[in-house]
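**Q** Shown below is the structure under consideration.
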Amino acid sequence: MLVNKESLKAIFTGLKLIFNTRLKAASDDWKKTTMEVPSSSSGEDYAWLSRFPKMRKWVGDKVIKNIEAGKFYKKNENWETTISVNRDDIEDDNIGIYRTQTDMAGESAAELWEIISDDLKNNAFTELCWDGQYFYDTDHPVGDNSVSNKGTAALSASTLAAVQGSYGAARTAIMSVKDEEGMPLRLVPDLLEVGPADEAVARIICEADQLQDNSPNPYKGTATVMVNPGLTGSKWLLHVTNKASVKPFIIQMRKSPVFVSQTSEENDDVFMKGEYKFGAEARATGVYGFWQLSYGSDGTT
């Protein structure tokens, strides 16, 4: 094939089509627990997370919920995947190998939302959220009280006591959360997220009539199960996902993955190495949202 401006345009237009087709086929499981918030600058301020608004009886003056600007700022991060194309392969009509790589690049770009969401969950026991505590922690400050959304019990369906001490304790913790004024948040968890090793136990808890000792299962139908291959270790998570506008985790998206290419004959890599380049670029980061909407156990006991 003759390598010129027209042939290069045709080749990379075709690769872009393959990339975008794969990108559009992305899984949206992340949407069950994670919300996307658009970003219009280098970063965003999440001071609004410090208030979980609830209605209260209006007696006397209204109580103003002040939001402290700059309390929790998150800077966007750059993401990329890049592939080089040898000019000899174009001249020899050997471009087919790059179609497969392009498909894989599109798949990788499509997984960006899952990658960011999984990073948040896997690090939630050791990274701080907006209140200065770990996202999953035993002492989140709420008014004059401390509230826990963290456990250590391994997920178990062996007996009634075992399931009550793991899954049952998580449900109780979430449903007991109140705001700073002592008003119940009326949260009811509805999604149990586990790694592959805990799938069978999770399905017994949420779907079976009986526990493993053949005793009646009081938790059947209380949540759906989501098996996440990206969840590491023995941790398991219980979420509230039925709120219309908020989720436990946030993806701050400045620029969704886009196809980029470098095909100018004047580029140094083309002149010195005979290499063209293409790939994907994005700008985004993960943010911890309302810890009240999630409970996590590291499964260590």
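Quick note on naming: the chains in the structure tokens go A, B, ... in the order shown, residues restart at 1 in each chain, and ligands are numbered from 1 in order of appearance.
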Would you kindly return, as a short mmCIF file (atom, residue, chain, number, x, y, z; two decimals) with N, CA and C atoms, in the first residue's frame, each protein, DNA or RNA residue with an atom no farther than 7 Å from any atom of range 123-133 of chain A, considering only C-alpha atoms and excluding same-chain residues fewer than 3 positions away?
**A**
data_model
loop_
_atom_site.label_atom_id
_atom_site.label_comp_id
_atom_site.auth_asym_id
_atom_site.auth_seq_id
_atom_site.Cartn_x
_atom_site.Cartn_y
_atom_site.Cartn_z
N LEU A 49 -20.90 17.26 50.15
CA LEU A 49 -21.05 15.94 50.73
C LEU A 49 -21.12 15.98 52.26
N SER A 50 -20.73 17.12 52.85
CA SER A 50 -20.75 17.22 54.30
C SER A 50 -22.15 17.37 54.87
N PHE A 72 -13.27 19.54 50.55
CA PHE A 72 -12.90 18.25 49.95
C PHE A 72 -12.76 18.44 48.45
N ASP A 119 -11.23 0.74 42.12
CA ASP A 119 -10.15 1.33 42.93
C ASP A 119 -10.72 1.97 44.19
N LEU A 120 -11.84 2.67 44.05
CA LEU A 120 -12.47 3.29 45.21
C LEU A 120 -12.85 2.23 46.25
N TYR A 136 -14.82 3.45 54.83
CA TYR A 136 -15.37 2.44 55.74
C TYR A 136 -14.62 2.58 57.06
N ASP A 137 -15.31 3.05 58.09
CA ASP A 137 -14.65 3.34 59.36
C ASP A 137 -15.64 3.12 60.51
N HIS A 140 -17.27 7.55 62.17
CA HIS A 140 -17.66 8.74 61.41
C HIS A 140 -18.37 9.71 62.36
N TYR A 288 -15.04 9.55 46.94
CA TYR A 288 -15.92 8.88 47.88
C TYR A 288 -17.12 9.77 48.18
#
**Q** I want to know what sits within 8 Å of Trp79 in chain A, based on only C-alpha atoms, with residues of the same chain fewer than 6 positions away left out; could you give that as a PyMOL selection string?
**A** chain A and resi 281-284
**Q** Please write the residues from the selection above to a file, keeping C-alpha atoms, as a short mmCIF file (atom, residue, chain, number, x, y, z; two decimals), in the first residue's frame.
**A**
data_model
loop_
_atom_site.label_atom_id
_atom_site.label_comp_id
_atom_site.auth_asym_id
_atom_site.auth_seq_id
_atom_site.Cartn_x
_atom_site.Cartn_y
_atom_site.Cartn_z
CA GLU A 281 -6.98 9.60 26.36
CA ALA A 282 -9.23 10.57 29.26
CA ARG A 283 -9.30 12.79 32.32
CA ALA A 284 -11.18 11.56 35.39
#
**Q** Neighbouring residues of Val163 in chain A were defined as those with any atom within 12 Å, considering only C-alpha atoms; residues of the same chain fewer than 6 positions away were excluded. Please report them as a list in words.
**A**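 Using only C-alpha atoms, the neighbours found are Ala153, Ala154, Leu155, Ser156, Ala157, Ala169, Ala170, Arg171, Val201, Ala202, Ile204, Ile205, Cys206, Gln210, Leu211, Gln212, Asp213, Ser215, Pro216, Asn217, Pro218, Tyr219 and Lys220 of chain A.
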**Q** CA of Glu107 in chain A and CA of Leu8 in chain A, how far apart in Å?
**A**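 According to the coordinates, CA of Leu8 in chain A and CA of Glu107 in chain A are separated by 23.1 Å.
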**Q** For a test of reading the model, state the distance in Å between CA of Leu237 in chain A and CA of Gly299 in chain A, rounded to one decimal.
**A** 9.9 Å
**Q** What is the CA of Val142 in chain A to CA of Lys178 in chain A distance in Å?
**A** 8.1 Å
**Q** Residues of range 110-150 of chain A in strand (DSSP E or B) according to DSSP, as JSON, numbers by chain?
**A** {"A": [128, 134, 140, 141, 142, 145, 146, 147, 150]}
**Q** Selected residues, C-alpha atoms, written as a PDB file, in the first residue's frame, please.
**A**
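The result, written out as result_11.pdb:
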ATOM      1  CA  LEU A 128     -10.059   9.170  53.569  1.00  0.00           C
ATOM      2  CA  TYR A 134     -11.716   6.290  56.074  1.00  0.00           C
ATOM      3  CA  HIS A 140     -17.659   8.742  61.411  1.00  0.00           C
ATOM      4  CA  PRO A 141     -18.613  11.913  63.313  1.00  0.00           C
ATOM      5  CA  VAL A 142     -22.341  12.730  63.188  1.00  0.00           C
ATOM      6  CA  ASN A 145     -21.969  10.815  68.051  1.00  0.00           C
ATOM      7  CA  SER A 146     -19.719   8.391  66.183  1.00  0.00           C
ATOM      8  CA  VAL A 147     -21.233   6.061  63.587  1.00  0.00           C
ATOM      9  CA  LYS A 150     -17.307  -0.962  58.883  1.00  0.00           C
TER      10      LYS A 150
END
**Q** Taking 5 positions as the minimum chain separation for residues in the same chain, which residues sit within 8 Å of Glu36 in chain A when counting only C-alpha atoms? Answer as number ranges by chain.
**A** A: 250-253
**Q** Have a look at A:Gly168, A:Gly43, A:Gly279, A:Gly143 and name the one nearest to Ser261 in chain A; count only C-alpha atoms.
**A**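 Using only C-alpha atoms, the shortest distance to Ser261 in chain A belongs to A:Gly279.
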**Q** Can you pull out every residue within 8 Å of Lys75 in chain A, counting only C-alpha atoms, but drop anything in the same chain fewer than 6 positions away, and send it as a list of chain:residue names?
**A**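 Within the cut-off, the hits are A:Ser42, A:Gly43, A:Glu44, A:Thr285.
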**Q** Which of these, A:Val227, A:Leu17, A:Ile90, A:Met183, has the shortest distance to Ala200 in chain A once you count only C-alpha atoms?
**A**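 Of A:Val227, A:Leu17, A:Ile90, A:Met183, the one nearest Ala200 in chain A, counting only C-alpha atoms, is A:Val227.
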**Q** I need the residue nearest Arg186 in chain A from this list: A:Gly165, A:Leu160, A:Val240, A:Ser40. Use only C-alpha atoms for the distance.
**A**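 Checking each candidate against Arg186 in chain A, we get A:Val240 as the closest.
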